[in-house]
Amino acid sequence: MAKKVDTSFVRCPFCGKQYGLTGDYHYGSPIRSCQKCKRQYLDFTYHEIAFEGIRQVDVNPTEEHKHDKRKQGIVAVVIGLAAIAFGIVMIIFGWIAPWPFLIGGVAVAGGVGLMKESGEKGLAKTREKLEKERQASFQRVGDPNYIAALRSMGYQLPPNYY
């Protein structure tokens, strides 16, 4: 019987070291160096803006998308507060462990960050970050060595780069 392969994570194709989730979407160079085996590979969760552009939802999110971000933030805050409450209950029963407070603090901070990100201030920050990445992307693709590296790794370049 064939072994089922988990494709939900990005993995180094050479040594199998697990990295981020395959559903993630990042802007930047898709060329990655494995921390374990030091070999370079393509990570298709990264997208080169000069070739692929910026998704509309990242610069002009719909109200539905903003609402989803706020909802995710609220869920994270609730989970964080529950973890902190669990930590308090543990202390009441004489069990002292810092992990519920650490997890709770991180979840609350992340949730607040997600809720802020959905606002106009957060959106302006995102747009500014994307503009910097766009400039970096055009600088990278101007380097013939970078283009050659992408081509040798099997990245689908636009026709004008062949």
# chains A, B, ... in the order shown; residues from 1 in each chain; ligands from 1

$ closest_atom_pairs --of "range 84-138 of chain A" --to "range 30-50 of chain A" --cutoff "8 Å" --atoms "only C-alpha atoms" --output "CSV"
residue,atom,partner,partner_atom,distance
A:Glu133,CA,A:Ile49,CA,7.6
A:Arg134,CA,A:Ile49,CA,5.7
A:Ser137,CA,A:Ala50,CA,5.6
A:Phe138,CA,A:Ala50,CA,5.4

$ write_last_selection --atoms "N, CA and C atoms" --output "JSON list (two decimals), in the first residue's frame"
[["chain", "number", "residue", "atom", "x", "y", "z"],
["A", 133, "GLU", "N", 8.02, 46.13, -1.16],
["A", 133, "GLU", "CA", 8.29, 44.81, -1.73],
["A", 133, "GLU", "C", 8.22, 44.85, -3.26],
["A", 134, "ARG", "N", 7.31, 45.66, -3.81],
["A", 134, "ARG", "CA", 7.22, 45.81, -5.27],
["A", 134, "ARG", "C", 8.53, 46.37, -5.83],
["A", 137, "SER", "N", 11.16, 43.75, -5.66],
["A", 137, "SER", "CA", 10.91, 42.73, -6.66],
["A", 137, "SER", "C", 11.45, 43.16, -8.02],
["A", 138, "PHE", "N", 11.18, 44.40, -8.43],
["A", 138, "PHE", "CA", 11.66, 44.87, -9.72],
["A", 138, "PHE", "C", 13.19, 44.96, -9.74]]

$ closest_residue --among "A:Lys121, A:Tyr161, A:Glu131, A:Ala76" --to "Asp143 in chain A" --atoms "only C-alpha atoms"
A:Tyr161

$ select_by_dssp --residues "range 29-162 of chain A" --states "strand (DSSP E)" --output "mmCIF file with N, CA and C atoms, in the first residue's frame"
data_model
loop_
_atom_site.group_PDB
_atom_site.id
_atom_site.type_symbol
_atom_site.label_atom_id
_atom_site.label_comp_id
_atom_site.auth_asym_id
_atom_site.auth_seq_id
_atom_site.Cartn_x
_atom_site.Cartn_y
_atom_site.Cartn_z
ATOM 1 N N ILE A 31 12.721 31.903 -4.135
ATOM 2 C CA ILE A 31 13.914 31.106 -3.887
ATOM 3 C C ILE A 31 14.186 31.082 -2.390
ATOM 4 N N ARG A 32 14.251 29.899 -1.835
ATOM 5 C CA ARG A 32 14.501 29.703 -0.408
ATOM 6 C C ARG A 32 15.714 28.819 -0.231
ATOM 7 N N SER A 33 16.415 29.018 0.878
ATOM 8 C CA SER A 33 17.531 28.149 1.255
ATOM 9 C C SER A 33 17.087 27.352 2.464
ATOM 10 N N GLN A 40 19.108 25.270 -2.180
ATOM 11 C CA GLN A 40 18.066 26.203 -2.590
ATOM 12 C C GLN A 40 16.956 25.468 -3.321
ATOM 13 N N TYR A 41 15.728 25.970 -3.124
ATOM 14 C CA TYR A 41 14.549 25.383 -3.769
ATOM 15 C C TYR A 41 13.514 26.484 -3.974
ATOM 16 N N LEU A 42 12.490 26.183 -4.771
ATOM 17 C CA LEU A 42 11.396 27.139 -4.993
ATOM 18 C C LEU A 42 10.287 26.891 -3.983
ATOM 19 N N TYR A 46 5.532 31.861 -2.063
ATOM 20 C CA TYR A 46 6.076 33.205 -2.275
ATOM 21 C C TYR A 46 5.856 33.607 -3.725
ATOM 22 N N HIS A 47 5.464 34.845 -3.923
ATOM 23 C CA HIS A 47 5.093 35.326 -5.253
ATOM 24 C C HIS A 47 5.888 36.580 -5.587
#

$ decode --residues "range 48-79 of chain A" --atoms "C-alpha atoms" --output "compact mmCIF listing (two decimals), in the first residue's frame"
# COMPACT_ATOMS: atom_id res chain seq x y z
CA GLU A 48 7.35 37.67 -7.22
CA ILE A 49 5.37 40.91 -7.61
CA ALA A 50 7.22 41.95 -10.79
CA PHE A 51 5.85 38.84 -12.53
CA GLU A 52 2.61 38.05 -10.72
CA GLY A 53 1.45 41.44 -9.49
CA ILE A 54 -0.36 42.09 -6.20
CA ARG A 55 -3.69 40.49 -5.42
CA GLN A 56 -6.56 42.96 -5.37
CA VAL A 57 -7.73 41.71 -1.97
CA ASP A 58 -4.38 42.77 -0.46
CA VAL A 59 -4.60 46.41 -1.55
CA ASN A 60 -8.38 46.91 -1.59
CA PRO A 61 -9.98 44.30 0.61
CA THR A 62 -13.72 43.92 0.40
CA GLU A 63 -15.84 44.62 3.47
CA GLU A 64 -16.36 40.87 3.71
CA HIS A 65 -12.58 40.30 3.84
CA LYS A 66 -12.17 43.02 6.51
CA HIS A 67 -15.02 41.43 8.48
CA ASP A 68 -13.28 38.02 8.27
CA LYS A 69 -10.06 39.55 9.65
CA ARG A 70 -11.96 41.14 12.54
CA LYS A 71 -13.71 37.82 13.23
CA GLN A 72 -10.38 35.97 13.26
CA GLY A 73 -9.04 38.59 15.66
CA ILE A 74 -12.00 38.21 18.01
CA VAL A 75 -11.64 34.41 18.00
CA ALA A 76 -7.92 34.73 18.82
CA VAL A 77 -8.63 37.13 21.69
CA VAL A 78 -11.32 34.81 23.12
CA ILE A 79 -8.95 31.82 22.91
